[in-house]
Every structure is written in structure tokens, then in C-alpha cells.
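Notes for the one structure printed next.
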Amino acid sequence: MHKLVKHSLALGLMMSLPTMVMAQNFDDPIEFAKQKEQLTMTANGPANKPWEQYIGDRLASTQRFAKKGGSTVCFSNAGVNNPWRVVGYTDMIEEVALHSDIKAFIHVDAEGSDDKQIADINDLLAGGNCDILIVSPNTTAALTPAVEKACQQLPVIVFDRGVQTNCPVTFIHPVGGYGFGIQGAEFVAANVEKGSNVLMLRILPGVDVLETRYSSGLRVLKEAGLNIIGTEFTGADNAKTKSIVEDYLQRGTIDAVWMDAGATAVAAIEAFEDGGYDIPVFVGEDQQDFLQKWKKMDITAIAPTYPTYQWRTAIIAASRILQGESVPGPEWVLPQASITKANLDEFINEAMPPLHYAMCGCEDMPNYPQAWGGK
Amino acid sequence: MNSLVTFARRYTSINWANINPVYFVLAALIVAIILNNPNFIEPTGYMNFLKRAAPLAILAAGQLYVIVSGGFDLSVGSMITLVVVGSSMLTNNDPAATMWVIPVMFGMGALVGLINGMVVCYLRVPSLITTLGMMITLNGFAFLWSGGAPRGYLPDTFRFFGRVSYKDIPLIHMLPVALIVLVVVGLILYWLMHKTNLGRMIHAIGDNPNTAKLAGVSVNQARISAFIVSSLSAVVAGILLGGFAGVSTSVGVGYELQAITAAVLGGAVLLGGRGSVPATIAGALTLMAIFTLLNFLGMPQPVRQIVQGLILIAAVALTMRRKGKHANS
């Protein structure tokens with residue numbers, strides 16, 4: 001029995017070591033400082049249409065891609081496998097409908113698989129029907145060669161997660177994960193006393209956009225002299241989230257909850273509510289259920305966003321490129337505003353589904369709210 | 001008179017070796033949790049634990065019927081998801097709708113169990129494949145129904161069962177409704193499995209279907225009933241989970257394997273013939289206690305998975321050893 005325990009411990013160590021060695025740098029001080037600055041910069045473009053705005057001044061010329069007549073836009077999508085992507089993809093479909101110059105829109109869903117997405121891109125290229133290719137990569141490194149190959153044949157737009165090449169005409173993304181982490185953590189630091197207890201809840205380890213949210217959030221909270229009582233993975237599971245918070249409440253007080261994503265924020269709030277505790281300072285996201293709970297219970301809260309309106313921007317960019325108009329590039333950095341108490345009411349719409357992302361920039365579109373599941 | 005003597009014999013001299021080891025393991029884990037977190041001894045500590053364990057305990061007790069009959073039911077996890085998603089769609093924020101939505105869900109559960117059982121019995125598809133197919137199908141339905149994201153909320157009347165606790169009760173301070181549900185459903189499943197003819201038939205077909213058939217057991221009827229019980233238990237688990245934490249499209253993920261693990265921890269023999277409802281419920285509590293303890297110890301995710309895997313293998317090895325001893329004695 002002793003031997004068995006020893007062996008299993010050795011096995012456990014062996015299996016956990018490689019993950020430590022392979023850890024990438026998700027805590028890059030240069031990128032942190034850059035995004036922190038971008039959060040405060042004024043974006044170019046129409047203020048009432050943030051999906052057309054851009055931070056910085058660099059433009060990419062696209063005259064060589066100008067095309068007469070209707071065009072075919074192809075889109076290789078990492079997946080429609082979470083509510084954020086469901087909302088974003090709906091934004092995209094509705095944006096396509098606004099463009100008479102887009103004759104056909106071909107969508108291929110990689111269902112969360114790198115291999116399928118690489119094959120999808122190859123198929124689209126071999127088909128020869130695409131005038132432009134939009135890629136929302138499943139993972140950064142794995143998709144880079146496929147994107148490089150596509151760049152040799154046609155104009156390429158990448159959005160959301162990036163790739164490790166500069167060949168696309170433009171890479172569209174909001175400020176980014178560091179910015180998201182900073183926005184929430186700075187709000188916490190401003191609203192609790194020094195030395196207060198903060199619980200950090202994360203979805204899962206190893207995803208770049210989530211790792212950067214966490215590293216920057218942690219940095220800001222620590223610099224503010226706050227006490228991190230724990231960091232837990234929720235697996236985006238409501239029941240697990242609620243259980244974790246209940247367990248922490250049993251062991252001590254919680255003055256603030258920082259989350260790297262808001263889909264389970266309401267479950268976390270319910271743990272306080274059901275146990276008869278005051279709701280502490282909360283960092284959520286722009287999901288409708290959280291915004292409504294926040295207003296109803298008058299919580300001290302903030303909702304950083306990773307705006308789904310970037311899915312609109314990808315289509316706008318495609319249309320402009322095929323007409324030879326210049327677009328922000330090689331990076332199109334979109335503004336990434338938080339929802340605060342001051343503008344909370346603008347974003348609440350009780351007719352929308354619980355996990356509808358309010359920062360969708362879609363309220364002015366013809367099929368709103370039905371297309372997004374609203375009533 | 002005779003039975004009284006046996007009763008007395010059985011309970012005056014306890015033969016420790018005959019007590020299912022899962023109870024000792026559970027007791028040891030609870031001591032370890034208390035040492036780690038003394039607050040666990042407070043009512044909010046253990047009552048929250050029991051409230052959380054209730055869905056898995058009920059699900060595992062239902063799964064046990066299929067395991068004892070010699071099969072597996074992998075469709076229960078997606079059944080839970082379908083119940084939560086479907087209920088949120090059907091109730092449509094109307095508190096009064098809970099009254100008819102819950103019976104509809106039980107009807108749907110019975111139908112799924114019936115189909116599982118009939119495919120296994122009449123089309124002769126192994127239960128592992130049948131219920132794997134059903135798992136994928138039900139996931140597809142849940143996705144189609146919701147479009148991949150929750151479309152609505154569950155009203156408080158629906159969430160009552162999984163969320164509410166009666167407060168200010170003397171001695172225990174709080175009593176979760178989910179615990180009452182667990183006790184009631186647990187007693188029903190215990191009675192059905194260990195005190196009725198159906199339970200004996202399920203044991204018989206799992207032990208040896210041919211002998212059972214020759215002995216006059218209607219094999220198909222017993223097997224289909226087992227699948228229906230399992231699906232219905234998934235409906236109860238879904239109602240509790242939806243109540244506990246609200247709508248999510250991934251709520252049932254992984255529950256089928258946890259239910260099987262719990263039954264195995266409780267000493268159920270895979271491939272059939274043996275298993276006990278109380279021990280399975282203890283198995284589910286043990287599994288939850290392991291999760292809780294690993295959480296309190298702050299173990300990283302990979303280590304938790306290793307520990308879980310090793311425990312599963314150890315539990316089966318132990319069961320096989322006990323079984324071997326009994327066969328020799």
C-alpha cells in the first residue's frame with residue numbers, strides 16, 4: 001500500500017511537471033502597459049458606432065484588392081460553441097444582410113477543432129470561390145501556417161484571437177485581455193479598503209485571452225495591497241461556481257469577487273444571497289442576467305466587456321477592402337468600454353436571453369431583438 | 001419468531017467484514033474534511049454539502065438499477081441538460097407553469113428510458129452503445145431547442161426544490177428542500193430495489209439472464225424498467241441542479257461518469273447482479289467528499305484528476321476482492 005501511494009505520487013508529479021515547464025508568458029509587462037494606455041486613448045471614428053472605431057492611426061491600403069461587382073465573403077469560424085460566439089455570429093449574419101455588395105457569404109464551422117479549421121481553410125482555398133477570407137482562429141499557433149498559406153491567394157482578415165504572422169490585411173480585436181483584467185481590478189481596488197479579501201474566479205487555465213485577464217487583474221489587485229484569499233476554476237459551471245463561493249463563505253469573509261468572465265456571475269451572487277450575506281463588490285461581464293441582477297440588488301459592480309460587436313467589424317472590413325478603401329491595419333484595435341453604474345440602464349433589456357452580451361452594438365440592426373433570441 | 005431470531009443474530013454481533021467499506025471511507029473522509037475545515041461541523045457546512053450531493057446521489061441510485069441489470073446508462077448527463085434547458089424554455093418566466101412543466105419532464109424522462117430499454121432489448125444493441133447514441137441525440141435536442149445559449153430563466157417556483165432551505169429550524173438550523181427530496185426519492189428507490197419483485201428480477205437478470213429467463217423472469221420488462229428508473233432519476237437530478245444554480249447549457253456534462261463511479265464506490269458490480277441503493281448513495285457522498293476535500297486542500301486540477309482515477313480503480317479492485325472472498329466462503 002505504501003508503495004502504491006509512493007508510485008501514485010511520483011506519477012502525479014511527473015504528469016504535472018510538463019505543464020509548469022511549458023507555461024507561456026501570459027504576464028508580459030510591455031503588453032500590460034500598452035493595453036493600459038489604450039484603455040484611456042480616444043478612438044478614431046464615429047463615437048456612436050464603436051464597431052467602426054479604431055485606436056491608433058495606422059491604415060492599410062487595399063486598392064489592389066478592389067473588385068467590381070458582387071463579392072463572395074468566406075468565413076472560417078473556430079466555433080459557435082459558447083454564448084459569446086452565438087451572439088457574435090448573429091451580429092455577423094445581420095451585418096452581412098446590410099451589405100448589398102456581398103453577393104454570397106460562406107460560413108464554415110470548425111466546431112472547436114484546430115484540425116478541422118485547417119482543413120476548412122484548405123477547402124475554401126481549393127474551392128476558388130472566395131474573394132476574401134475571414135478567420136476567427138481556434139488557437140493561435142496551430143492556425144498560423146494555414147493563414148499564411150491563405151494570404152498568398154487572397155486578402156485575409158483575422159479577428160478575436162490572433163495568429164503569429166503579419167500577413168493578414170488586418171487583425172481586428174478589442175484592446176484585449178490585459179485591459180479586461182485591469183478594468184475590473186481597478187474598480188475593486190477603488191471600492192474596498194486596503195487589505196480586503198478578494199476571491200478570484202476563473203473559467204479554466206491555459207487559454208491565452210483568459211490567462212492575460214487573470215495576470216493583469218492579479219497584478220493590479222496586489223499592487224493595491226489587497227488580500228487574495230483564493231483563485232479557483234469554475235469550468236464556467238453555475239453549480240460549481242456557487243459551491244466554491246459557499247465554501248469560501250464558510251471559512252471567512254469576502255469583500256470582493258473578481259471574475260475573468262461573467263457567465264456564472266449570477267450563480268456567485270446567489271451564494272451570498274441564499275446564505276444571507278451582503279453582496280460584496282463584484283466584477284462581472286456584460287451578460288444580461290448579471291446586469292439585471294446588479295440593478296435589482298443594487299450591487300457595487302462593474303462589467304468589463306470583450307465586445308461582440310467585433311463580429312460586425314469583420315464584415316465591414318471585408319466590404320471596405322473589396323471596394324479598395326483603406327482600413328485600420330495591420331491591427332484594428334476596437335475600443336473596449338466597461339459598463340458602469342452610470343450607463344447600466346442603457347444596456348439592460350429584459351426581453352433578451354440571460355446570456356445575451358449587451359455590448360453587441362446590435363440594437364440598431366433591423367432584426368433586433370428577435371434574431372438574438374429576444375422577444 | 002424465526003425471523004426475529006435471525007434479526008437478533010444479525011444485529012447483536014456485528015460482523016465488521018460484512019459492512020460495506022464505503023461507509024468507513026465516507027466516515028474517514030468526513031473526519032479529514034472536519035480536520036481541514038472545522039466549520040464543516042456547523043449546520044451550514046454539512047447541510048450545504050448534502051444539498052449539493054443530492055442530485056448526484058439520486059442520479060447514482062437510479063443508475064444503479066441499470067448497472068445491477070447488467071448495463072450502463074450514459075444518457076443521464078445529457079438528460080439533465082435537456083431537463084434544465086427544456087424547463088427554462090417551457091416555463092417561459094411564468095411561475096405558474098412549473099405545475100405542468102415538471103410532469104412533462106417526467107413524461108419525457110420515461111419516454112427516453114423506454115426507448116433506451118427497447119433498443120437494448122429488441123434491437124439487441126449493447127447498452128453502452130445505445131445510451132451513448134442517446135447521449136449525443138439528447139445533447140443535439142438541447143442545443144437545437146436553445147440555440148446553444150440559455151434562452152430564459154427558471155422561475156422561483158421551479159427553483160424551489162434545488163435552491164431553497166428552510167431556515168431557523170431547531171438543532172439543524174437549516175434544512176434544504178433538496179435533502180428532503182433526496183430522502184424521499186432514496187427511500188422509494190431503496191424499497192423498489194430491495195423489497196419488491198421488480199428489484200429481485202433486476203438482480204436476477206444482471207446475475208445471469210439465461211437462468212433468470214428459465215426461472216420465469218420477464219427479462220425485457222425488468223430491463224426496460226431499469227432504464228426508465230434511471231432516466232426518471234436524471235429528471236429529478238436535473239430539477240435539483242437547475243434549481244440550485246439556474247440555467248446553463250452544460251449543466252449535465254460529466255454526470256453520467258460520476259454516477260457510475262459513485263455506484264462502483266458503493267460496491268456495485270459492473271456487468272450486473274449486485275448493488276445496494278444505500279451504499280450507492282454513500283458512494284455518491286464519498287465522491288462529493290473527495291471533491292470537497294481536494295478543494296479545501298487546494299490541489300491543482302491535474303492532481304485532482306489523478307486522485308479521482310486512482311480511487312476509481314482502487315474501488316473496483318476492492319470490490320472484486322470482496323466478491324472473491326465471499327465466493328470462497
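Please note that chains go A, B, ... in the order of the C-alpha cells, that every chain numbers its residues from 1, and that ligands are numbered from 1 in the order shown.
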- Can you list, as an MDAnalysis selection string, every residue of range 115-309 of chain B that DSSP puts in strand (DSSP E)? chainID B and resid 165:169 173:176
Can I get the residues of chain A within 6 Å of chain B, each with the closest pair of atoms and their distance in Å to one decimal, using only C-alpha atoms, sorted chain first then ascending number, as a tab-separated table?
residue	atom	partner	partner_atom	distance
A:Pro83	CA	B:Ala149	CA	4.9
A:Asn238	CA	B:Ala245	CA	5.3
A:Ala239	CA	B:Ala245	CA	5.0
A:Ala267	CA	B:Ala245	CA	5.7
A:Pro353	CA	B:Arg151	CA	4.7
Selected residues, N, CA and C atoms, written as a PDB file, in the first residue's frame, please.
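Output file out21.pdb is given in full below:
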ATOM      1  N   PRO A  83     -21.975  30.958 -25.601  1.00  0.00           N
ATOM      2  CA  PRO A  83     -22.948  32.047 -25.819  1.00  0.00           C
ATOM      3  C   PRO A  83     -22.327  33.312 -26.427  1.00  0.00           C
ATOM      4  N   ASN A 238     -22.287  26.815 -13.451  1.00  0.00           N
ATOM      5  CA  ASN A 238     -23.023  27.555 -12.419  1.00  0.00           C
ATOM      6  C   ASN A 238     -22.975  26.861 -11.064  1.00  0.00           C
ATOM      7  N   ALA A 239     -23.247  25.544 -11.078  1.00  0.00           N
ATOM      8  CA  ALA A 239     -23.333  24.815  -9.811  1.00  0.00           C
ATOM      9  C   ALA A 239     -21.979  24.826  -9.097  1.00  0.00           C
ATOM     10  N   ALA A 267     -24.719  33.078 -10.462  1.00  0.00           N
ATOM     11  CA  ALA A 267     -24.615  31.952  -9.529  1.00  0.00           C
ATOM     12  C   ALA A 267     -23.752  32.334  -8.329  1.00  0.00           C
ATOM     13  N   PRO A 353     -32.271  37.183 -23.878  1.00  0.00           N
ATOM     14  CA  PRO A 353     -31.919  35.977 -23.114  1.00  0.00           C
ATOM     15  C   PRO A 353     -30.856  36.271 -22.053  1.00  0.00           C
TER      16      PRO A 353
END
Compile a residue-level contact table for range 118-182 of chain B against range 73-88 of chain B at a cut-off of 8 Å, reporting for every qualifying residue the shortest atom pair and its distance in Å to one decimal, with only C-alpha atoms counted, rows ordered by chain and ascending number, as JSON lines.
{"residue": "B:Ser127", "atom": "CA", "partner": "B:Asp73", "partner_atom": "CA", "distance": 6.9}
{"residue": "B:Leu128", "atom": "CA", "partner": "B:Asp73", "partner_atom": "CA", "distance": 6.9}
{"residue": "B:Thr131", "atom": "CA", "partner": "B:Ser75", "partner_atom": "CA", "distance": 5.1}
{"residue": "B:Leu132", "atom": "CA", "partner": "B:Leu74", "partner_atom": "CA", "distance": 5.6}
{"residue": "B:Gly133", "atom": "CA", "partner": "B:Ser75", "partner_atom": "CA", "distance": 7.9}
{"residue": "B:Met134", "atom": "CA", "partner": "B:Ser75", "partner_atom": "CA", "distance": 5.6}
{"residue": "B:Met135", "atom": "CA", "partner": "B:Ser75", "partner_atom": "CA", "distance": 4.1}
{"residue": "B:Ile136", "atom": "CA", "partner": "B:Ser78", "partner_atom": "CA", "distance": 7.7}
{"residue": "B:Leu138", "atom": "CA", "partner": "B:Ser78", "partner_atom": "CA", "distance": 5.8}
{"residue": "B:Asn139", "atom": "CA", "partner": "B:Ser78", "partner_atom": "CA", "distance": 5.5}
{"residue": "B:Phe141", "atom": "CA", "partner": "B:Leu82", "partner_atom": "CA", "distance": 7.4}
{"residue": "B:Ala142", "atom": "CA", "partner": "B:Leu82", "partner_atom": "CA", "distance": 5.0}
{"residue": "B:Trp145", "atom": "CA", "partner": "B:Gly86", "partner_atom": "CA", "distance": 7.3}
{"residue": "B:Ser146", "atom": "CA", "partner": "B:Val85", "partner_atom": "CA", "distance": 6.8}
{"residue": "B:Pro150", "atom": "CA", "partner": "B:Val85", "partner_atom": "CA", "distance": 6.9}
{"residue": "B:Arg151", "atom": "CA", "partner": "B:Ser88", "partner_atom": "CA", "distance": 7.4}
{"residue": "B:Gly152", "atom": "CA", "partner": "B:Ser88", "partner_atom": "CA", "distance": 5.5}
{"residue": "B:Tyr153", "atom": "CA", "partner": "B:Ser88", "partner_atom": "CA", "distance": 5.5}
{"residue": "B:Leu154", "atom": "CA", "partner": "B:Ser88", "partner_atom": "CA", "distance": 5.0}
- Hey, what's within 10 Å of range 181-197 of chain B if we count only C-alpha atoms and toss same-chain stuff fewer than 5 positions away? As a ChimeraX atom specification, please? /B:50-51,53-58,61-62,64-65,68,161-162,176,202-203,217,222,226,229,233,236-237,240,275-278,281
Selection file, N, CA, C and O atoms, as a short mmCIF file (atom, residue, chain, number, x, y, z; two decimals), in the first residue's frame:
data_model
loop_
_atom_site.label_atom_id
_atom_site.label_comp_id
_atom_site.auth_asym_id
_atom_site.auth_seq_id
_atom_site.Cartn_x
_atom_site.Cartn_y
_atom_site.Cartn_z
N LEU B 50 -24.72 18.37 1.79
CA LEU B 50 -25.77 17.41 1.44
C LEU B 50 -26.66 17.94 0.31
O LEU B 50 -27.07 17.20 -0.58
N LYS B 51 -26.91 19.25 0.35
CA LYS B 51 -27.73 19.86 -0.70
C LYS B 51 -27.06 19.68 -2.06
O LYS B 51 -27.70 19.33 -3.05
N ALA B 53 -24.81 17.40 -2.82
CA ALA B 53 -24.61 16.00 -3.17
C ALA B 53 -25.91 15.34 -3.62
O ALA B 53 -25.88 14.30 -4.29
N ALA B 54 -27.05 15.95 -3.27
CA ALA B 54 -28.35 15.31 -3.53
C ALA B 54 -28.56 14.92 -5.00
O ALA B 54 -28.94 13.78 -5.27
N PRO B 55 -28.29 15.82 -5.97
CA PRO B 55 -28.54 15.42 -7.36
C PRO B 55 -27.72 14.20 -7.76
O PRO B 55 -28.24 13.25 -8.36
N LEU B 56 -26.44 14.18 -7.40
CA LEU B 56 -25.59 13.05 -7.79
C LEU B 56 -26.04 11.77 -7.08
O LEU B 56 -26.06 10.70 -7.69
N ALA B 57 -26.43 11.89 -5.82
CA ALA B 57 -26.86 10.71 -5.07
C ALA B 57 -28.09 10.09 -5.70
O ALA B 57 -28.18 8.86 -5.87
N ILE B 58 -29.05 10.93 -6.09
CA ILE B 58 -30.27 10.42 -6.72
C ILE B 58 -29.95 9.81 -8.08
O ILE B 58 -30.41 8.72 -8.43
N ALA B 61 -28.25 6.46 -7.64
CA ALA B 61 -29.18 5.42 -7.20
C ALA B 61 -30.01 4.93 -8.38
O ALA B 61 -30.32 3.74 -8.48
N GLY B 62 -30.37 5.84 -9.29
CA GLY B 62 -31.10 5.44 -10.50
C GLY B 62 -30.21 4.64 -11.44
O GLY B 62 -30.62 3.61 -11.98
N LEU B 64 -27.85 2.83 -10.65
CA LEU B 64 -27.61 1.52 -10.06
C LEU B 64 -28.57 0.46 -10.64
O LEU B 64 -28.18 -0.68 -10.85
N TYR B 65 -29.82 0.86 -10.91
CA TYR B 65 -30.79 -0.09 -11.46
C TYR B 65 -30.26 -0.68 -12.77
O TYR B 65 -30.36 -1.87 -13.01
N VAL B 68 -27.06 -2.87 -12.06
CA VAL B 68 -27.40 -4.18 -11.49
C VAL B 68 -28.01 -5.10 -12.54
O VAL B 68 -27.79 -6.30 -12.55
N PHE B 161 -37.04 23.57 -5.39
CA PHE B 161 -36.55 22.25 -4.97
C PHE B 161 -35.03 22.21 -4.79
O PHE B 161 -34.52 21.53 -3.91
N GLY B 162 -34.31 22.92 -5.64
CA GLY B 162 -32.86 22.83 -5.58
C GLY B 162 -32.21 23.97 -4.83
O GLY B 162 -31.04 23.89 -4.46
N PRO B 176 -32.29 22.02 3.73
CA PRO B 176 -32.51 22.24 2.30
C PRO B 176 -33.63 21.34 1.76
O PRO B 176 -33.72 20.17 2.15
N ILE B 202 -34.50 -7.58 -11.40
CA ILE B 202 -33.35 -6.84 -11.94
C ILE B 202 -32.04 -7.48 -11.49
O ILE B 202 -31.11 -7.67 -12.27
N HIS B 203 -32.01 -7.88 -10.20
CA HIS B 203 -30.82 -8.59 -9.72
C HIS B 203 -30.61 -9.88 -10.51
O HIS B 203 -29.49 -10.21 -10.91
N VAL B 217 -38.50 -15.16 -15.19
CA VAL B 217 -38.44 -13.71 -15.10
C VAL B 217 -38.66 -13.12 -16.50
O VAL B 217 -38.09 -13.61 -17.48
N ALA B 222 -38.15 -6.28 -17.05
CA ALA B 222 -37.29 -5.82 -15.95
C ALA B 222 -36.23 -4.87 -16.46
O ALA B 222 -35.95 -3.83 -15.85
N ALA B 226 -35.62 -0.83 -15.59
CA ALA B 226 -34.38 -0.29 -15.03
C ALA B 226 -33.98 0.99 -15.77
O ALA B 226 -33.60 1.98 -15.14
N VAL B 229 -36.29 3.84 -14.71
CA VAL B 229 -35.94 4.37 -13.39
C VAL B 229 -34.74 5.30 -13.50
O VAL B 229 -34.71 6.39 -12.94
N SER B 233 -34.64 9.27 -12.65
CA SER B 233 -33.74 9.84 -11.62
C SER B 233 -32.96 11.01 -12.21
O SER B 233 -32.66 11.97 -11.50
N VAL B 236 -35.12 14.05 -11.95
CA VAL B 236 -35.08 14.63 -10.59
C VAL B 236 -33.77 15.41 -10.39
O VAL B 236 -33.76 16.54 -9.91
N ALA B 237 -32.66 14.78 -10.81
CA ALA B 237 -31.35 15.43 -10.66
C ALA B 237 -31.33 16.75 -11.43
O ALA B 237 -30.80 17.76 -10.96
N LEU B 240 -33.22 19.43 -9.59
CA LEU B 240 -32.45 19.93 -8.45
C LEU B 240 -31.29 20.82 -8.91
O LEU B 240 -31.04 21.88 -8.34
N GLY B 275 -25.65 -4.90 -6.02
CA GLY B 275 -25.57 -3.47 -5.75
C GLY B 275 -26.62 -3.07 -4.73
O GLY B 275 -27.65 -3.72 -4.62
N SER B 276 -26.31 -2.03 -3.96
CA SER B 276 -27.24 -1.60 -2.93
C SER B 276 -27.50 -0.11 -3.03
O SER B 276 -26.56 0.68 -3.28
N VAL B 277 -28.76 0.28 -2.90
CA VAL B 277 -29.12 1.70 -3.02
C VAL B 277 -28.48 2.55 -1.92
O VAL B 277 -27.85 3.56 -2.21
N PRO B 278 -28.59 2.14 -0.61
CA PRO B 278 -27.96 2.98 0.42
C PRO B 278 -26.45 3.11 0.22
O PRO B 278 -25.88 4.20 0.37
N ILE B 281 -25.75 5.57 -2.53
CA ILE B 281 -25.90 6.96 -2.06
C ILE B 281 -24.68 7.34 -1.22
O ILE B 281 -24.12 8.44 -1.37
#
- Task: Write out as a list in words which residues come within 12 Å of Gly275 in chain A when counting only C-alpha atoms, dropping same-chain ones fewer than 2 positions away.
- Result: Lys242, Ser243, Val245, Glu246, Asp247, Tyr248, Leu249, Gln250, Ala268, Ile269, Glu270, Ala271, Phe272, Glu273, Tyr277, Asp278 and Ile279 of chain A; Pro43, Thr44, Gly45, Met47, Asn48, Arg163, Val164, Ser165, Tyr166, Lys167, Met174 and Pro176 of chain B
Dump of N, CA, C and O atoms for the selected residues, as a short mmCIF file (atom, residue, chain, number, x, y, z; two decimals), in the first residue's frame:
data_model
loop_
_atom_site.label_atom_id
_atom_site.label_comp_id
_atom_site.auth_asym_id
_atom_site.auth_seq_id
_atom_site.Cartn_x
_atom_site.Cartn_y
_atom_site.Cartn_z
N LYS A 242 -21.23 28.31 -7.64
CA LYS A 242 -21.99 28.59 -6.43
C LYS A 242 -21.41 27.79 -5.25
O LYS A 242 -21.27 28.33 -4.14
N SER A 243 -21.03 26.54 -5.50
CA SER A 243 -20.44 25.71 -4.44
C SER A 243 -19.13 26.31 -3.92
O SER A 243 -18.89 26.34 -2.72
N VAL A 245 -18.10 29.41 -3.96
CA VAL A 245 -18.32 30.61 -3.17
C VAL A 245 -18.90 30.24 -1.79
O VAL A 245 -18.48 30.80 -0.77
N GLU A 246 -19.83 29.28 -1.77
CA GLU A 246 -20.38 28.83 -0.47
C GLU A 246 -19.27 28.33 0.44
O GLU A 246 -19.25 28.62 1.64
N ASP A 247 -18.33 27.55 -0.13
CA ASP A 247 -17.23 27.01 0.68
C ASP A 247 -16.37 28.14 1.25
O ASP A 247 -15.97 28.10 2.41
N TYR A 248 -16.08 29.15 0.41
CA TYR A 248 -15.25 30.26 0.90
C TYR A 248 -15.98 31.06 1.98
O TYR A 248 -15.37 31.52 2.94
N LEU A 249 -17.30 31.20 1.81
CA LEU A 249 -18.06 31.96 2.80
C LEU A 249 -18.05 31.26 4.16
O LEU A 249 -18.11 31.91 5.21
N GLN A 250 -17.97 29.92 4.11
CA GLN A 250 -17.92 29.17 5.36
C GLN A 250 -16.64 29.45 6.13
O GLN A 250 -16.58 29.30 7.34
N ALA A 268 -22.67 33.08 -8.59
CA ALA A 268 -21.80 33.51 -7.49
C ALA A 268 -22.54 34.47 -6.56
O ALA A 268 -22.43 34.37 -5.34
N ILE A 269 -23.32 35.38 -7.14
CA ILE A 269 -24.09 36.33 -6.32
C ILE A 269 -25.11 35.57 -5.47
O ILE A 269 -25.30 35.86 -4.29
N GLU A 270 -25.74 34.54 -6.08
CA GLU A 270 -26.76 33.76 -5.35
C GLU A 270 -26.19 33.07 -4.12
O GLU A 270 -26.90 32.86 -3.14
N ALA A 271 -24.90 32.70 -4.17
CA ALA A 271 -24.30 32.05 -3.00
C ALA A 271 -24.35 32.99 -1.79
O ALA A 271 -24.63 32.57 -0.67
N PHE A 272 -24.11 34.29 -2.03
CA PHE A 272 -24.20 35.28 -0.96
C PHE A 272 -25.66 35.46 -0.55
O PHE A 272 -25.99 35.44 0.63
N GLU A 273 -26.52 35.61 -1.56
CA GLU A 273 -27.94 35.87 -1.33
C GLU A 273 -28.58 34.75 -0.51
O GLU A 273 -29.21 34.99 0.51
N TYR A 277 -25.88 36.67 3.21
CA TYR A 277 -24.77 37.62 3.33
C TYR A 277 -25.03 38.86 2.47
O TYR A 277 -25.80 38.80 1.51
N ASP A 278 -24.36 39.97 2.80
CA ASP A 278 -24.40 41.15 1.93
C ASP A 278 -23.61 40.83 0.67
O ASP A 278 -22.61 40.13 0.72
N ILE A 279 -24.08 41.39 -0.46
CA ILE A 279 -23.36 41.14 -1.72
C ILE A 279 -22.13 42.06 -1.75
O ILE A 279 -22.26 43.27 -1.58
N PRO B 43 -24.09 23.50 10.95
CA PRO B 43 -25.15 23.08 10.02
C PRO B 43 -24.97 23.62 8.60
O PRO B 43 -25.16 22.87 7.65
N THR B 44 -24.57 24.89 8.45
CA THR B 44 -24.42 25.40 7.08
C THR B 44 -23.36 24.61 6.33
O THR B 44 -23.46 24.45 5.12
N GLY B 45 -22.37 24.11 7.03
CA GLY B 45 -21.33 23.32 6.39
C GLY B 45 -21.86 22.02 5.84
O GLY B 45 -21.85 21.79 4.63
N MET B 47 -24.98 20.85 5.79
CA MET B 47 -26.23 20.93 5.05
C MET B 47 -25.98 21.38 3.60
O MET B 47 -26.58 20.86 2.67
N ASN B 48 -25.09 22.35 3.42
CA ASN B 48 -24.73 22.75 2.05
C ASN B 48 -24.13 21.58 1.29
O ASN B 48 -24.39 21.39 0.11
N ARG B 163 -32.97 25.05 -4.61
CA ARG B 163 -32.33 26.25 -4.09
C ARG B 163 -32.69 26.58 -2.65
O ARG B 163 -31.85 27.00 -1.86
N VAL B 164 -33.96 26.37 -2.30
CA VAL B 164 -34.46 26.88 -1.02
C VAL B 164 -34.03 25.99 0.15
O VAL B 164 -33.95 24.77 0.02
N SER B 165 -33.73 26.61 1.27
CA SER B 165 -33.52 25.87 2.52
C SER B 165 -34.48 26.45 3.55
O SER B 165 -34.66 27.66 3.61
N TYR B 166 -35.11 25.56 4.33
CA TYR B 166 -35.92 26.06 5.44
C TYR B 166 -34.97 26.53 6.54
O TYR B 166 -34.07 25.80 6.94
N LYS B 167 -35.16 27.77 7.00
CA LYS B 167 -34.23 28.34 7.99
C LYS B 167 -34.84 28.30 9.38
O LYS B 167 -36.03 28.04 9.55
N MET B 174 -30.74 24.79 9.47
CA MET B 174 -31.31 24.92 8.13
C MET B 174 -31.56 23.54 7.54
O MET B 174 -30.84 22.58 7.81
N PRO B 176 -32.29 22.02 3.73
CA PRO B 176 -32.51 22.24 2.30
C PRO B 176 -33.63 21.34 1.76
O PRO B 176 -33.72 20.17 2.15
#
- Query: From the list A:Asp208, A:Arg213, A:Ile203, A:Val327, which residue is nearest Phe233 in chain A when using only C-alpha atoms?
  - Reply: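 Of the candidates, the smallest distance to Phe233 in chain A is held by A:Ile203.
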- Message: So that I can see what lies close to Leu199 in chain A, please list as a PyMOL selection string the residues with an atom at most 10 Å from it, counting only C-alpha atoms and leaving out residues fewer than 6 positions away in the same chain.
- Response: chain A and resi 227-232+245+248+253-259+282
- Message: Taking the DSSP secondary structure from the backbone, can you list the residues of range 140-324 of chain B that are alpha helix (DSSP H), as a PyMOL selection string?
- Response: chain B and resi 140-146+156-163+177-194+197-207+209-214+219-245+255-265+277-297+301-324
- Ser216 in chain A surroundings by only C-alpha atoms, 7 Å radius, close-in-sequence under 3 positions cut, as a list of chain:residue names: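 Contacts, in chain order: A:Phe32, A:Tyr178, A:Gly181, A:Ile182, A:Thr212, A:Arg213, A:Arg219, A:Val220.
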Could you turn the residues from that selection into a file that holds C-alpha atoms, as a short mmCIF file (atom, residue, chain, number, x, y, z; two decimals), in the first residue's frame?
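Generated output (part09.cif):
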data_model
loop_
_atom_site.label_atom_id
_atom_site.label_comp_id
_atom_site.auth_asym_id
_atom_site.auth_seq_id
_atom_site.Cartn_x
_atom_site.Cartn_y
_atom_site.Cartn_z
CA PHE A 32 0.16 45.23 -19.97
CA TYR A 178 -4.88 42.68 -20.05
CA GLY A 181 -8.32 42.40 -16.19
CA ILE A 182 -7.24 45.96 -15.43
CA THR A 212 -3.94 37.61 -19.59
CA ARG A 213 -7.15 38.80 -17.89
CA ARG A 219 -1.12 42.46 -10.69
CA VAL A 220 -3.48 45.38 -10.11
#
- Message: Just the number, please: distance in Å from CA of Ile302 in chain A to CA of Phe290 in chain A, one decimal.
- Response: 10.1 Å
- Task: Please provide the set of residues having any atom within 12 Å of Gln323 in chain A, restricted to only C-alpha atoms, with same-chain residues fewer than 5 positions apart removed, written as a ChimeraX atom specification.
- Result: /A:61-71,99,101-102,131-132,316-318
- Task: Record the distance separating CA of Gly273 in chain B and CA of Ala27 in chain B, expressed in Å with one decimal.
- Result: 26.7 Å
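In this structure, CA of Leu226 in chain A sits 10.9 Å away from CA of Ala190 in chain A.
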- With only C-alpha atoms as the basis for distance, which of A:Ile121, A:Met92, A:Ala97, A:Ala104 is at the shortest distance from Cys362 in chain A?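 Comparing A:Ile121, A:Met92, A:Ala97, A:Ala104 against Cys362 in chain A, the winner is A:Met92.
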